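Engineer: Structure file data.cif, mmCIF, C-alpha atoms and all ligand atoms, is pasted below:
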data_query
loop_
_atom_site.label_atom_id
_atom_site.label_comp_id
_atom_site.auth_asym_id
_atom_site.auth_seq_id
_atom_site.Cartn_x
_atom_site.Cartn_y
_atom_site.Cartn_z
CA MET A 24 -14.89 -162.16 -14.42
CA GLU A 25 -16.72 -159.25 -12.84
CA ILE A 26 -16.31 -160.25 -9.24
CA PHE A 27 -18.67 -157.79 -7.55
CA ARG A 28 -21.39 -158.51 -10.09
CA TYR A 29 -21.04 -162.26 -9.35
CA MET A 30 -21.03 -161.60 -5.60
CA GLU A 31 -24.16 -159.46 -5.88
CA LYS A 32 -25.96 -162.06 -7.97
CA TYR A 33 -25.77 -164.69 -5.22
CA ASP A 34 -25.41 -162.32 -2.29
CA TYR A 35 -21.88 -163.20 -1.13
CA GLU A 36 -20.62 -161.43 1.98
CA GLN A 37 -16.85 -161.53 1.62
CA LEU A 38 -13.98 -162.72 -0.54
CA VAL A 39 -10.47 -162.78 0.94
CA PHE A 40 -7.27 -163.17 -1.09
CA CYS A 41 -4.31 -164.49 0.92
CA GLN A 42 -0.74 -164.27 -0.41
CA ASP A 43 2.45 -165.27 1.38
CA GLU A 44 5.53 -165.24 -0.79
CA ALA A 45 7.81 -167.07 1.65
CA SER A 46 5.63 -170.20 1.76
CA GLY A 47 4.06 -169.89 -1.69
CA LEU A 48 0.55 -169.58 -0.23
CA LYS A 49 -2.06 -168.33 -2.66
CA ALA A 50 -5.49 -168.86 -1.16
CA ILE A 51 -8.99 -167.54 -1.63
CA ILE A 52 -11.46 -167.65 1.25
CA ALA A 53 -15.07 -167.13 0.18
CA ILE A 54 -17.71 -166.40 2.80
CA HIS A 55 -21.18 -166.69 1.35
CA ASP A 56 -23.70 -166.20 4.14
CA THR A 57 -23.45 -166.04 7.92
CA THR A 58 -27.15 -165.69 8.78
CA LEU A 59 -27.18 -169.02 10.63
CA GLY A 60 -23.76 -168.63 12.24
CA PRO A 61 -20.04 -168.56 11.39
CA ALA A 62 -19.22 -169.86 7.92
CA LEU A 63 -17.90 -173.43 8.12
CA GLY A 64 -16.44 -175.10 5.04
CA GLY A 65 -13.35 -177.01 4.03
CA THR A 66 -10.12 -176.03 2.31
CA ARG A 67 -9.50 -177.45 -1.16
CA MET A 68 -5.99 -177.56 -2.62
CA TRP A 69 -5.99 -177.97 -6.37
CA THR A 70 -4.03 -177.08 -9.51
CA TYR A 71 -6.40 -174.61 -11.16
CA GLU A 72 -5.94 -173.73 -14.82
CA ASN A 73 -6.10 -170.04 -13.99
CA GLU A 74 -6.99 -167.67 -11.16
CA GLU A 75 -10.49 -167.11 -12.46
CA SER A 76 -11.41 -170.79 -12.18
CA ALA A 77 -10.01 -170.87 -8.64
CA ILE A 78 -12.15 -167.87 -7.62
CA GLU A 79 -15.19 -169.39 -9.27
CA ASP A 80 -14.65 -172.70 -7.49
CA ALA A 81 -14.27 -171.00 -4.11
CA LEU A 82 -17.45 -168.99 -4.65
CA ARG A 83 -19.54 -171.93 -5.87
CA LEU A 84 -18.31 -174.22 -3.11
CA ALA A 85 -18.92 -171.57 -0.41
CA ARG A 86 -22.53 -171.08 -1.51
CA GLY A 87 -22.94 -174.86 -1.54
CA MET A 88 -21.84 -174.90 2.11
CA THR A 89 -24.50 -172.32 3.06
CA TYR A 90 -27.15 -174.61 1.63
CA LYS A 91 -25.53 -177.77 3.00
CA ASN A 92 -25.28 -176.45 6.55
CA ALA A 93 -28.80 -175.02 6.46
CA ALA A 94 -30.39 -178.20 5.07
CA ALA A 95 -28.50 -180.31 7.62
CA GLY A 96 -30.01 -178.27 10.44
CA LEU A 97 -26.66 -176.80 11.56
CA ASN A 98 -26.39 -173.34 13.04
CA LEU A 99 -23.61 -172.45 10.65
CA GLY A 100 -23.20 -170.32 7.58
CA GLY A 101 -21.34 -171.23 4.40
CA GLY A 102 -17.76 -170.60 3.32
CA LYS A 103 -14.91 -172.38 1.61
CA THR A 104 -11.24 -171.90 0.80
CA VAL A 105 -9.24 -172.90 -2.22
CA ILE A 106 -5.45 -172.99 -2.11
CA ILE A 107 -3.89 -172.83 -5.56
CA GLY A 108 -1.24 -175.55 -5.89
CA ASP A 109 -0.53 -179.23 -6.30
CA PRO A 110 -1.24 -181.03 -3.02
CA LYS A 111 1.33 -183.70 -3.93
CA LYS A 112 4.20 -181.23 -4.55
CA ASP A 113 3.51 -177.74 -3.25
CA LYS A 114 2.59 -178.24 0.41
CA ASN A 115 4.79 -177.12 3.27
CA GLU A 116 4.34 -176.40 6.96
CA GLU A 117 4.89 -172.63 6.58
CA MET A 118 2.07 -172.48 4.03
CA PHE A 119 -0.54 -173.90 6.40
CA ARG A 120 0.82 -171.78 9.28
CA ALA A 121 0.45 -168.65 7.14
CA PHE A 122 -3.03 -169.74 6.11
CA GLY A 123 -3.92 -170.32 9.78
CA ARG A 124 -2.96 -166.73 10.58
CA TYR A 125 -5.26 -165.44 7.84
CA ILE A 126 -8.12 -167.49 9.30
CA GLN A 127 -7.33 -166.16 12.78
CA GLY A 128 -7.53 -162.64 11.32
CA LEU A 129 -11.16 -163.27 10.41
CA ASN A 130 -11.84 -163.73 14.11
CA GLY A 131 -14.34 -166.58 13.80
CA ARG A 132 -16.32 -165.46 10.76
CA TYR A 133 -14.86 -168.51 8.96
CA ILE A 134 -13.99 -171.96 10.32
CA THR A 135 -12.15 -174.45 8.13
CA ALA A 136 -11.75 -178.25 7.77
CA GLU A 137 -10.57 -180.77 5.15
CA ASP A 138 -11.62 -180.93 1.52
CA VAL A 139 -10.03 -182.41 -1.61
CA GLY A 140 -6.23 -182.12 -1.37
CA THR A 141 -6.00 -181.37 2.36
CA THR A 142 -5.59 -183.72 5.31
CA GLU A 143 -5.95 -184.05 9.06
CA GLU A 144 -2.20 -183.27 9.34
CA ASP A 145 -2.71 -180.00 7.44
CA MET A 146 -5.53 -179.07 9.85
CA ASP A 147 -3.24 -179.79 12.80
CA ILE A 148 -0.71 -177.30 11.43
CA ILE A 149 -3.42 -174.67 10.88
CA HIS A 150 -4.44 -175.33 14.49
CA ASP A 151 -1.00 -174.11 15.61
CA GLU A 152 -2.13 -170.62 14.56
CA THR A 153 -5.89 -170.57 15.12
CA ASP A 154 -8.74 -172.23 16.97
CA PHE A 155 -11.06 -171.71 14.00
CA VAL A 156 -10.31 -175.10 12.45
CA THR A 157 -12.07 -178.47 12.77
CA GLY A 158 -11.31 -181.99 11.56
CA ILE A 159 -8.07 -181.94 13.56
CA SER A 160 -6.56 -185.15 14.94
CA PRO A 161 -8.48 -187.23 17.49
CA VAL A 162 -5.46 -186.91 19.85
CA PHE A 163 -6.69 -183.34 20.46
CA GLY A 164 -10.16 -184.70 21.35
CA SER A 165 -11.36 -183.78 17.87
CA SER A 166 -13.20 -185.61 15.13
CA GLY A 167 -10.32 -186.25 12.70
CA ASN A 168 -10.67 -186.94 8.98
CA PRO A 169 -14.36 -186.47 8.06
CA SER A 170 -14.32 -188.72 4.95
CA PRO A 171 -15.50 -192.00 6.55
CA VAL A 172 -18.43 -190.18 8.13
CA THR A 173 -19.27 -188.43 4.86
CA ALA A 174 -19.30 -191.90 3.28
CA PHE A 175 -21.69 -193.21 5.94
CA GLY A 176 -24.03 -190.28 5.23
CA VAL A 177 -23.90 -190.91 1.47
CA TYR A 178 -24.67 -194.58 2.09
CA ARG A 179 -27.70 -193.64 4.24
CA GLY A 180 -28.93 -191.10 1.68
CA MET A 181 -28.43 -193.58 -1.17
CA LYS A 182 -30.70 -196.04 0.64
CA ALA A 183 -33.44 -193.42 0.97
CA ALA A 184 -33.16 -192.57 -2.74
CA ALA A 185 -33.18 -196.28 -3.64
CA LYS A 186 -36.40 -196.74 -1.69
CA ALA A 187 -38.07 -194.06 -3.81
CA ALA A 188 -36.79 -195.58 -7.08
CA PHE A 189 -37.03 -199.32 -6.40
CA GLY A 190 -39.60 -199.60 -3.58
CA THR A 191 -37.01 -200.99 -1.14
CA ASP A 192 -34.02 -199.42 0.54
CA SER A 193 -32.02 -202.63 0.41
CA LEU A 194 -28.96 -202.28 -1.79
CA GLU A 195 -28.36 -206.02 -1.93
CA GLY A 196 -27.90 -207.06 -5.54
CA LYS A 197 -27.96 -203.46 -6.80
CA VAL A 198 -25.24 -202.41 -9.24
CA VAL A 199 -23.55 -199.15 -8.24
CA ALA A 200 -21.18 -197.29 -10.60
CA VAL A 201 -18.79 -195.23 -8.49
CA GLN A 202 -16.77 -192.42 -10.08
CA GLY A 203 -13.64 -191.59 -8.07
CA VAL A 204 -12.65 -193.98 -5.29
CA GLY A 205 -10.72 -191.62 -3.02
CA ASN A 206 -11.16 -190.94 0.68
CA VAL A 207 -14.95 -190.84 0.75
CA ALA A 208 -15.77 -193.38 -1.93
CA TYR A 209 -13.37 -196.02 -0.62
CA ASN A 210 -15.41 -196.04 2.60
CA LEU A 211 -18.68 -195.87 0.67
CA CYS A 212 -17.64 -198.94 -1.35
CA ARG A 213 -17.03 -200.80 1.89
CA HIS A 214 -20.61 -200.10 3.11
CA LEU A 215 -22.04 -201.08 -0.28
CA HIS A 216 -19.98 -204.27 -0.48
CA GLU A 217 -21.01 -205.25 3.05
CA GLU A 218 -24.66 -204.87 2.05
CA GLY A 219 -24.20 -207.06 -1.03
CA ALA A 220 -24.16 -204.47 -3.81
CA SER A 221 -22.02 -205.02 -6.94
CA LEU A 222 -19.52 -202.30 -7.71
CA ILE A 223 -18.30 -200.81 -10.98
CA VAL A 224 -15.55 -198.28 -10.28
CA THR A 225 -13.23 -195.84 -11.96
CA ASP A 226 -10.52 -193.39 -10.96
CA ILE A 227 -7.62 -191.60 -12.63
CA ASN A 228 -5.48 -192.98 -9.81
CA LYS A 229 -4.72 -196.65 -10.60
CA ASP A 230 -3.73 -197.55 -7.01
CA ALA A 231 -7.06 -196.29 -5.70
CA VAL A 232 -8.88 -198.47 -8.24
CA GLU A 233 -6.75 -201.51 -7.43
CA ARG A 234 -7.57 -201.23 -3.73
CA VAL A 235 -11.34 -201.45 -4.23
CA VAL A 236 -10.97 -204.16 -6.86
CA GLN A 237 -8.91 -206.27 -4.42
CA GLU A 238 -10.87 -205.54 -1.26
CA PHE A 239 -14.46 -205.36 -2.51
CA GLY A 240 -14.45 -207.32 -5.76
CA ALA A 241 -15.23 -204.21 -7.81
CA ARG A 242 -15.02 -204.23 -11.61
CA ALA A 243 -12.86 -201.40 -12.98
CA VAL A 244 -13.66 -199.39 -16.11
CA ASP A 245 -11.97 -196.45 -17.85
CA PRO A 246 -12.91 -193.00 -16.54
CA ALA A 247 -14.72 -192.06 -19.75
CA ASP A 248 -16.87 -195.21 -19.65
CA ILE A 249 -18.39 -194.87 -16.18
CA TYR A 250 -21.46 -192.89 -17.28
CA SER A 251 -22.79 -195.42 -19.77
CA GLN A 252 -22.52 -198.49 -17.54
CA GLU A 253 -25.56 -200.74 -17.08
CA CYS A 254 -26.23 -200.01 -13.43
CA ASP A 255 -28.96 -199.11 -10.94
CA ILE A 256 -27.15 -196.24 -9.23
CA TYR A 257 -24.56 -193.74 -10.45
CA SER A 258 -22.47 -192.39 -7.59
CA PRO A 259 -20.34 -189.35 -8.50
CA CYS A 260 -17.56 -189.13 -5.92
CA ALA A 261 -14.78 -187.25 -7.74
CA LEU A 262 -15.10 -183.60 -8.72
CA GLY A 263 -18.15 -181.57 -9.78
CA ALA A 264 -20.15 -180.92 -12.97
CA THR A 265 -20.32 -184.54 -14.14
CA ILE A 266 -24.08 -184.33 -14.71
CA ASN A 267 -24.13 -182.42 -17.96
CA ASP A 268 -25.24 -182.39 -21.60
CA GLU A 269 -22.76 -185.10 -22.58
CA THR A 270 -23.43 -187.54 -19.73
CA ILE A 271 -27.20 -187.31 -19.22
CA PRO A 272 -28.10 -188.95 -22.58
CA VAL A 273 -25.93 -192.00 -21.84
CA LEU A 274 -26.79 -192.50 -18.15
CA LYS A 275 -28.71 -195.72 -17.51
CA ALA A 276 -28.97 -195.43 -13.73
CA LYS A 277 -32.35 -194.84 -12.05
CA VAL A 278 -30.68 -193.12 -9.07
CA ILE A 279 -27.88 -190.56 -8.74
CA ALA A 280 -26.43 -190.49 -5.25
CA GLY A 281 -22.82 -189.54 -4.54
CA ALA A 282 -20.42 -187.46 -2.49
CA ALA A 283 -19.11 -184.92 -4.99
CA ASN A 284 -19.95 -181.25 -4.52
CA ASN A 285 -21.69 -179.30 -7.31
CA GLN A 286 -22.64 -182.38 -9.34
CA LEU A 287 -24.98 -180.53 -11.72
CA LYS A 288 -22.98 -178.58 -14.28
CA GLU A 289 -25.85 -176.11 -14.52
CA ALA A 290 -29.19 -175.95 -12.73
CA ARG A 291 -31.04 -176.93 -15.92
CA HIS A 292 -29.30 -180.32 -15.78
CA GLY A 293 -31.28 -180.97 -12.60
CA ASP A 294 -34.45 -180.41 -14.66
CA LEU A 295 -33.25 -182.78 -17.39
CA ILE A 296 -32.58 -185.70 -15.03
CA HIS A 297 -35.93 -185.08 -13.32
CA GLU A 298 -37.66 -185.30 -16.72
CA LYS A 299 -35.78 -188.52 -17.39
CA GLY A 300 -37.30 -189.99 -14.21
CA ILE A 301 -33.98 -190.33 -12.39
CA VAL A 302 -34.14 -189.99 -8.60
CA TYR A 303 -31.43 -187.46 -7.79
CA ALA A 304 -30.28 -187.17 -4.17
CA PRO A 305 -29.08 -183.53 -4.11
CA ASP A 306 -25.34 -183.35 -3.51
CA TYR A 307 -25.25 -181.00 -0.56
CA VAL A 308 -27.96 -182.93 1.31
CA ILE A 309 -26.47 -186.39 0.85
CA ASN A 310 -22.82 -185.39 1.43
CA ALA A 311 -23.37 -183.41 4.65
CA GLY A 312 -22.00 -186.17 6.91
CA GLY A 313 -18.51 -184.68 7.05
CA VAL A 314 -19.61 -181.22 8.02
CA ILE A 315 -22.11 -182.57 10.54
CA ASN A 316 -19.25 -184.56 12.09
CA VAL A 317 -16.72 -181.71 12.26
CA ALA A 318 -19.40 -179.25 13.45
CA ASP A 319 -19.95 -181.45 16.48
CA GLU A 320 -16.46 -180.38 17.65
CA LEU A 321 -17.92 -176.98 18.41
CA TYR A 322 -19.92 -178.61 21.24
CA GLY A 323 -17.07 -180.86 22.45
CA TYR A 324 -16.88 -183.79 20.05
CA ASN A 325 -19.12 -186.77 20.76
CA LYS A 326 -18.91 -189.47 18.09
CA ASP A 327 -22.20 -191.20 18.95
CA ARG A 328 -24.09 -187.92 18.83
CA ALA A 329 -22.49 -186.99 15.50
CA LEU A 330 -23.19 -190.39 13.89
CA LYS A 331 -26.81 -190.30 15.05
CA LYS A 332 -27.23 -186.99 13.26
CA VAL A 333 -25.48 -188.29 10.14
CA GLU A 334 -27.80 -191.30 10.12
CA GLY A 335 -30.60 -188.73 9.77
CA ILE A 336 -29.44 -187.93 6.22
CA TYR A 337 -31.80 -190.78 5.26
CA ASN A 338 -34.72 -188.68 6.57
CA ASN A 339 -33.33 -185.48 5.04
CA ILE A 340 -33.34 -187.12 1.59
CA GLU A 341 -36.87 -188.44 2.22
CA GLN A 342 -37.94 -184.92 3.16
CA VAL A 343 -36.47 -183.50 -0.06
CA LEU A 344 -38.20 -186.21 -2.10
CA SER A 345 -41.50 -185.47 -0.45
CA ILE A 346 -41.20 -181.70 -1.13
CA SER A 347 -40.33 -182.60 -4.73
CA ASN A 348 -43.47 -184.77 -5.04
CA ARG A 349 -45.70 -182.34 -3.18
CA ASP A 350 -44.68 -179.29 -5.21
CA GLY A 351 -43.99 -181.09 -8.50
CA ILE A 352 -40.43 -179.76 -8.69
CA PRO A 353 -37.04 -181.43 -9.28
CA THR A 354 -35.22 -182.54 -6.17
CA TYR A 355 -32.42 -179.98 -6.53
CA LEU A 356 -35.02 -177.21 -6.25
CA ALA A 357 -36.76 -178.99 -3.38
CA ALA A 358 -33.43 -179.05 -1.50
CA ASP A 359 -32.88 -175.34 -2.18
CA ARG A 360 -36.38 -174.64 -0.86
CA LEU A 361 -35.66 -176.59 2.33
CA ALA A 362 -32.42 -174.68 2.94
CA GLU A 363 -33.69 -171.23 1.95
CA GLU A 364 -36.83 -171.57 4.08
CA ARG A 365 -34.73 -172.42 7.13
CA ILE A 366 -32.37 -169.49 6.57
CA GLU A 367 -35.33 -167.15 6.13
CA ARG A 368 -37.06 -168.45 9.27
CA MET A 369 -33.90 -167.92 11.32
CA ARG A 370 -33.32 -164.47 9.83
CA ARG A 371 -36.80 -163.45 10.97
CA SER A 372 -36.47 -165.10 14.36
CA ARG A 373 -33.71 -162.76 15.52
CA SER A 374 -34.07 -162.04 19.20
CA GLN A 375 -35.99 -158.94 20.09
CA PHE A 376 -34.39 -158.91 23.52
CA LEU A 377 -30.71 -158.78 22.64
CA ARG A 378 -28.69 -156.05 21.00
CA ASN A 379 -24.96 -156.55 20.46
CA GLY A 380 -25.15 -159.57 22.73
CA HIS A 381 -26.68 -157.63 25.67
CA HIS A 382 -30.24 -157.61 26.90
CA ILE A 383 -31.84 -154.35 25.74
CA LEU A 384 -32.75 -153.53 29.34
CA SER A 385 -29.14 -153.83 30.49
CA ARG A 386 -28.43 -150.39 29.01
CA ARG A 387 -30.92 -148.59 31.28
N1 LIG B 401 -14.01 -185.64 2.24
C1 LIG B 401 -15.20 -185.28 2.69
O1 LIG B 401 -15.52 -185.46 3.87
C2 LIG B 401 -16.19 -184.67 1.74
C3 LIG B 401 -17.38 -184.15 2.26
C4 LIG B 401 -18.33 -183.66 1.39
C5 LIG B 401 -18.09 -183.65 0.03
N2 LIG B 401 -16.92 -184.14 -0.44
C6 LIG B 401 -16.72 -184.14 -1.87
O2 LIG B 401 -16.63 -185.49 -2.33
C7 LIG B 401 -15.71 -185.59 -3.41
C8 LIG B 401 -14.62 -186.59 -3.08
O3 LIG B 401 -13.93 -186.17 -1.91
P1 LIG B 401 -12.71 -187.00 -1.32
O4 LIG B 401 -12.39 -186.39 -0.02
O5 LIG B 401 -13.00 -188.45 -1.41
O6 LIG B 401 -11.58 -186.61 -2.35
P2 LIG B 401 -10.35 -187.49 -2.85
O7 LIG B 401 -9.43 -186.54 -3.53
O8 LIG B 401 -9.83 -188.35 -1.78
O9 LIG B 401 -11.04 -188.45 -3.93
C9 LIG B 401 -11.43 -188.03 -5.19
C10 LIG B 401 -10.98 -189.10 -6.17
O10 LIG B 401 -11.48 -188.77 -7.46
C11 LIG B 401 -10.49 -189.10 -8.42
N3 LIG B 401 -10.75 -188.35 -9.65
C12 LIG B 401 -10.51 -187.04 -9.92
N4 LIG B 401 -10.90 -186.75 -11.17
C13 LIG B 401 -11.41 -187.90 -11.69
C14 LIG B 401 -11.99 -188.26 -12.94
N5 LIG B 401 -12.12 -187.37 -13.91
N6 LIG B 401 -12.41 -189.52 -13.13
C15 LIG B 401 -12.28 -190.44 -12.15
N7 LIG B 401 -11.73 -190.16 -10.94
C16 LIG B 401 -11.32 -188.92 -10.72
C17 LIG B 401 -9.18 -188.75 -7.73
O11 LIG B 401 -8.10 -189.42 -8.33
C18 LIG B 401 -9.46 -189.22 -6.30
O12 LIG B 401 -9.07 -190.55 -6.08
C19 LIG B 401 -15.22 -184.16 -3.65
O13 LIG B 401 -16.03 -183.55 -4.62
C20 LIG B 401 -15.44 -183.47 -2.31
O14 LIG B 401 -15.59 -182.08 -2.42
C21 LIG B 401 -15.96 -184.65 0.38
C1 LIG B 402 -16.29 -179.06 6.54
C2 LIG B 402 -15.82 -180.14 5.64
C3 LIG B 402 -15.98 -181.46 6.21
C4 LIG B 402 -16.39 -179.87 4.32
C5 LIG B 402 -16.46 -180.96 3.32
N1 LIG B 402 -15.27 -181.02 2.53
C6 LIG B 402 -17.69 -180.70 2.48
O1 LIG B 402 -17.62 -180.35 1.32
O2 LIG B 402 -18.77 -180.84 2.99
#
What's the structure tokens form of this structure?
Structural biologist:
Amino acid sequence: MEIFRYMEKYDYEQLVFCQDEASGLKAIIAIHDTTLGPALGGTRMWTYENEESAIEDALRLARGMTYKNAAAGLNLGGGKTVIIGDPKKDKNEEMFRAFGRYIQGLNGRYITAEDVGTTEEDMDIIHDETDFVTGISPVFGSSGNPSPVTAFGVYRGMKAAAKAAFGTDSLEGKVVAVQGVGNVAYNLCRHLHEEGASLIVTDINKDAVERVVQEFGARAVDPADIYSQECDIYSPCALGATINDETIPVLKAKVIAGAANNQLKEARHGDLIHEKGIVYAPDYVINAGGVINVADELYGYNKDRALKKVEGIYNNIEQVLSISNRDGIPTYLAADRLAEERIERMRRSRSQFLRNGHHILSRR
């Protein structure tokens, strides 16, 4: 991989490699764009096949956060970290302490939080070394694990997408096929069950499947069979790239609305589902609940205020759908337009009165 060429292509600002032999830390912090503010994005811990795929994941996820934060109306840029390792076996306190010191060294250019493979407890350890971490435990007056709030946002966005596809935003009686029933999707299933939707679920973790089968009457299928289920809504809530050349031909859903990041394997897959008449709720718009929630910590966390904003994901999806209809473009491009236009407006609206944080007249 030619790293600088890739960084130039999508205009990345910074890529930081962190290595600490004593704890086994191998992490990559990618900062995509800080036009709107410090880069906020979670830390993923995962067993990557090789270093190149870890770098690629960090870069793709960081850029996704730029768009997510911009489209959600946050004054934050986009960044993300990946830690190479197995979250079930390779974690230790020293590792997250060492990682916290690297974040502190960036002096606020990057703020972290949870993502796949990391927890509230991990954030608390990072917090021992730096203030530039969110999603820490509520005992510190913070917002805690963002997953239930992400789920609420996905539920709200799914309703808006359902309204466009079915003429009503009620999910009662709708069949939803959920891929991956981890932290976010467990909570999403609860909202869907409470509204009277029927659930088809899958996961590579049998215990996770069993929980939603027992609690919400879901029907379980094998991971490979989730795409071809007779259903109204496909909800990808595991990892990315599940909308691709193999899955699109067998999908029967009229709506795609889920929590996973980077759902389209390639941009052209967004064109293909648009041509197929599927209403796609773009991933980074519908799954912004978690980042909206943790970002509220920067103002002194207020749960009601954060949830009110997350509720607004319904309107954000409606806005994307209306840009898509107005301009005759797929929803993934409509979402990009929404985010890019906001970043550009803010870039141009830089204060004429301040230089280096001081009023220009203060130098006289
Ligand atoms: N947690 C958040 O607040 C948040 C916010 C925004 C986006 N996301 C994204 O949502 C997705 C889910 O996040 P999470 O926090 O629930 O993670 P999680 O690890 O708790 O859940 C993911 C689940 O997917 C399962 N899975 C993995 N590969 C699978 C496969 N091939 N088939 C079926 N199941 C599979 C895992 O076993 C796990 O149970 C991720 O893509 C994450 O980046 C999460
Ligand atoms: C900041 C975090 C809550 C980020 C979250 N994992 C996301 O992808 O949006």
Engineer: Using 12 Å as the limit and counting all atoms listed in the file, can you tabulate each residue of segment 293-372 of chain A that touches segment 93-108 of chain A, with its shortest atom-to-atom distance in Å and the two atoms involved, as JSON lines?
Structural biologist:
{"residue": "A:Pro305", "atom": "CA", "partner": "A:Ala94", "partner_atom": "CA", "distance": 10.7}
{"residue": "A:Asp306", "atom": "CA", "partner": "A:Ala94", "partner_atom": "CA", "distance": 11.2}
{"residue": "A:Tyr307", "atom": "CA", "partner": "A:Ala94", "partner_atom": "CA", "distance": 8.1}
{"residue": "A:Val308", "atom": "CA", "partner": "A:Ala94", "partner_atom": "CA", "distance": 6.5}
{"residue": "A:Ile309", "atom": "CA", "partner": "A:Ala95", "partner_atom": "CA", "distance": 9.3}
{"residue": "A:Asn310", "atom": "CA", "partner": "A:Ala95", "partner_atom": "CA", "distance": 9.8}
{"residue": "A:Ala311", "atom": "CA", "partner": "A:Ala95", "partner_atom": "CA", "distance": 6.7}
{"residue": "A:Gly312", "atom": "CA", "partner": "A:Ala95", "partner_atom": "CA", "distance": 8.8}
{"residue": "A:Gly313", "atom": "CA", "partner": "A:Ala95", "partner_atom": "CA", "distance": 10.9}
{"residue": "A:Val314", "atom": "CA", "partner": "A:Ala95", "partner_atom": "CA", "distance": 8.9}
{"residue": "A:Ile315", "atom": "CA", "partner": "A:Ala95", "partner_atom": "CA", "distance": 7.4}
{"residue": "A:Asn316", "atom": "CA", "partner": "A:Leu97", "partner_atom": "CA", "distance": 10.7}
{"residue": "A:Val317", "atom": "CA", "partner": "A:Leu97", "partner_atom": "CA", "distance": 11.1}
{"residue": "A:Ala318", "atom": "CA", "partner": "A:Leu97", "partner_atom": "CA", "distance": 7.9}
{"residue": "A:Asp319", "atom": "CA", "partner": "A:Leu97", "partner_atom": "CA", "distance": 9.5}
{"residue": "A:Leu321", "atom": "CA", "partner": "A:Leu99", "partner_atom": "CA", "distance": 10.6}
{"residue": "A:Tyr322", "atom": "CA", "partner": "A:Asn98", "partner_atom": "CA", "distance": 11.7}
{"residue": "A:Ala329", "atom": "CA", "partner": "A:Leu97", "partner_atom": "CA", "distance": 11.7}
{"residue": "A:Lys332", "atom": "CA", "partner": "A:Ala95", "partner_atom": "CA", "distance": 8.8}
{"residue": "A:Val333", "atom": "CA", "partner": "A:Ala95", "partner_atom": "CA", "distance": 8.9}
{"residue": "A:Glu334", "atom": "CA", "partner": "A:Ala95", "partner_atom": "CA", "distance": 11.3}
{"residue": "A:Gly335", "atom": "CA", "partner": "A:Ala95", "partner_atom": "CA", "distance": 8.9}
{"residue": "A:Ile336", "atom": "CA", "partner": "A:Ala95", "partner_atom": "CA", "distance": 7.8}
{"residue": "A:Tyr337", "atom": "CA", "partner": "A:Ala95", "partner_atom": "CA", "distance": 11.2}
{"residue": "A:Asn338", "atom": "CA", "partner": "A:Ala95", "partner_atom": "CA", "distance": 10.5}
{"residue": "A:Asn339", "atom": "CA", "partner": "A:Ala95", "partner_atom": "CA", "distance": 7.5}
{"residue": "A:Ile340", "atom": "CA", "partner": "A:Ala94", "partner_atom": "CA", "distance": 10.0}
{"residue": "A:Gln342", "atom": "CA", "partner": "A:Ala94", "partner_atom": "CA", "distance": 10.3}
{"residue": "A:Val343", "atom": "CA", "partner": "A:Ala94", "partner_atom": "CA", "distance": 9.6}
{"residue": "A:Tyr355", "atom": "CA", "partner": "A:Ala94", "partner_atom": "CA", "distance": 11.9}
{"residue": "A:Ala357", "atom": "CA", "partner": "A:Ala94", "partner_atom": "CA", "distance": 10.6}
{"residue": "A:Ala358", "atom": "CA", "partner": "A:Ala94", "partner_atom": "CA", "distance": 7.3}
{"residue": "A:Asp359", "atom": "CA", "partner": "A:Ala94", "partner_atom": "CA", "distance": 8.2}
{"residue": "A:Arg360", "atom": "CA", "partner": "A:Ala94", "partner_atom": "CA", "distance": 9.1}
{"residue": "A:Leu361", "atom": "CA", "partner": "A:Ala94", "partner_atom": "CA", "distance": 6.2}
{"residue": "A:Ala362", "atom": "CA", "partner": "A:Ala94", "partner_atom": "CA", "distance": 4.6}
{"residue": "A:Glu363", "atom": "CA", "partner": "A:Ala93", "partner_atom": "CA", "distance": 7.7}
{"residue": "A:Glu364", "atom": "CA", "partner": "A:Ala93", "partner_atom": "CA", "distance": 9.1}
{"residue": "A:Arg365", "atom": "CA", "partner": "A:Ala93", "partner_atom": "CA", "distance": 6.5}
{"residue": "A:Ile366", "atom": "CA", "partner": "A:Ala93", "partner_atom": "CA", "distance": 6.6}
{"residue": "A:Glu367", "atom": "CA", "partner": "A:Ala93", "partner_atom": "CA", "distance": 10.2}
{"residue": "A:Arg368", "atom": "CA", "partner": "A:Ala93", "partner_atom": "CA", "distance": 10.9}
{"residue": "A:Met369", "atom": "CA", "partner": "A:Asn98", "partner_atom": "CA", "distance": 9.4}
{"residue": "A:Arg370", "atom": "CA", "partner": "A:Asn98", "partner_atom": "CA", "distance": 11.7}
Engineer: How far is it from atom CA of Asn228 of chain A to atom CA of Asn73 of chain A, in Å with one decimal?
Structural biologist: 23.3 Å
Engineer: Under the rule that all atoms listed in the file are counted, which of A:Thr153, A:Ser193, A:Gln237, A:Gln42 is the nearest residue to Ala220 of chain A?
Structural biologist: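 Going through A:Thr153, A:Ser193, A:Gln237, A:Gln42 one by one, the smallest distance to Ala220 of chain A is for A:Ser193.
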Engineer: For ligand LIG 401 (chain B), which residue among A:Gly240, A:Gly123, A:Pro353, A:Gly205 is the nearest when counting all atoms listed in the file?
Structural biologist: A:Gly205
Engineer: Using Å and a single decimal, report how far atom CA of Thr354 of chain A sits from atom CA of Ile52 of chain A.
Structural biologist: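 A separation of 29.0 Å between them.
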Engineer: Report, in Å with one decimal, the straight-line distance from atom CA of Leu222 of chain A to atom CA of Gly167 of chain A.
Structural biologist: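 Value for the atom CA of Leu222 of chain A-atom CA of Gly167 of chain A distance: 27.5 Å.
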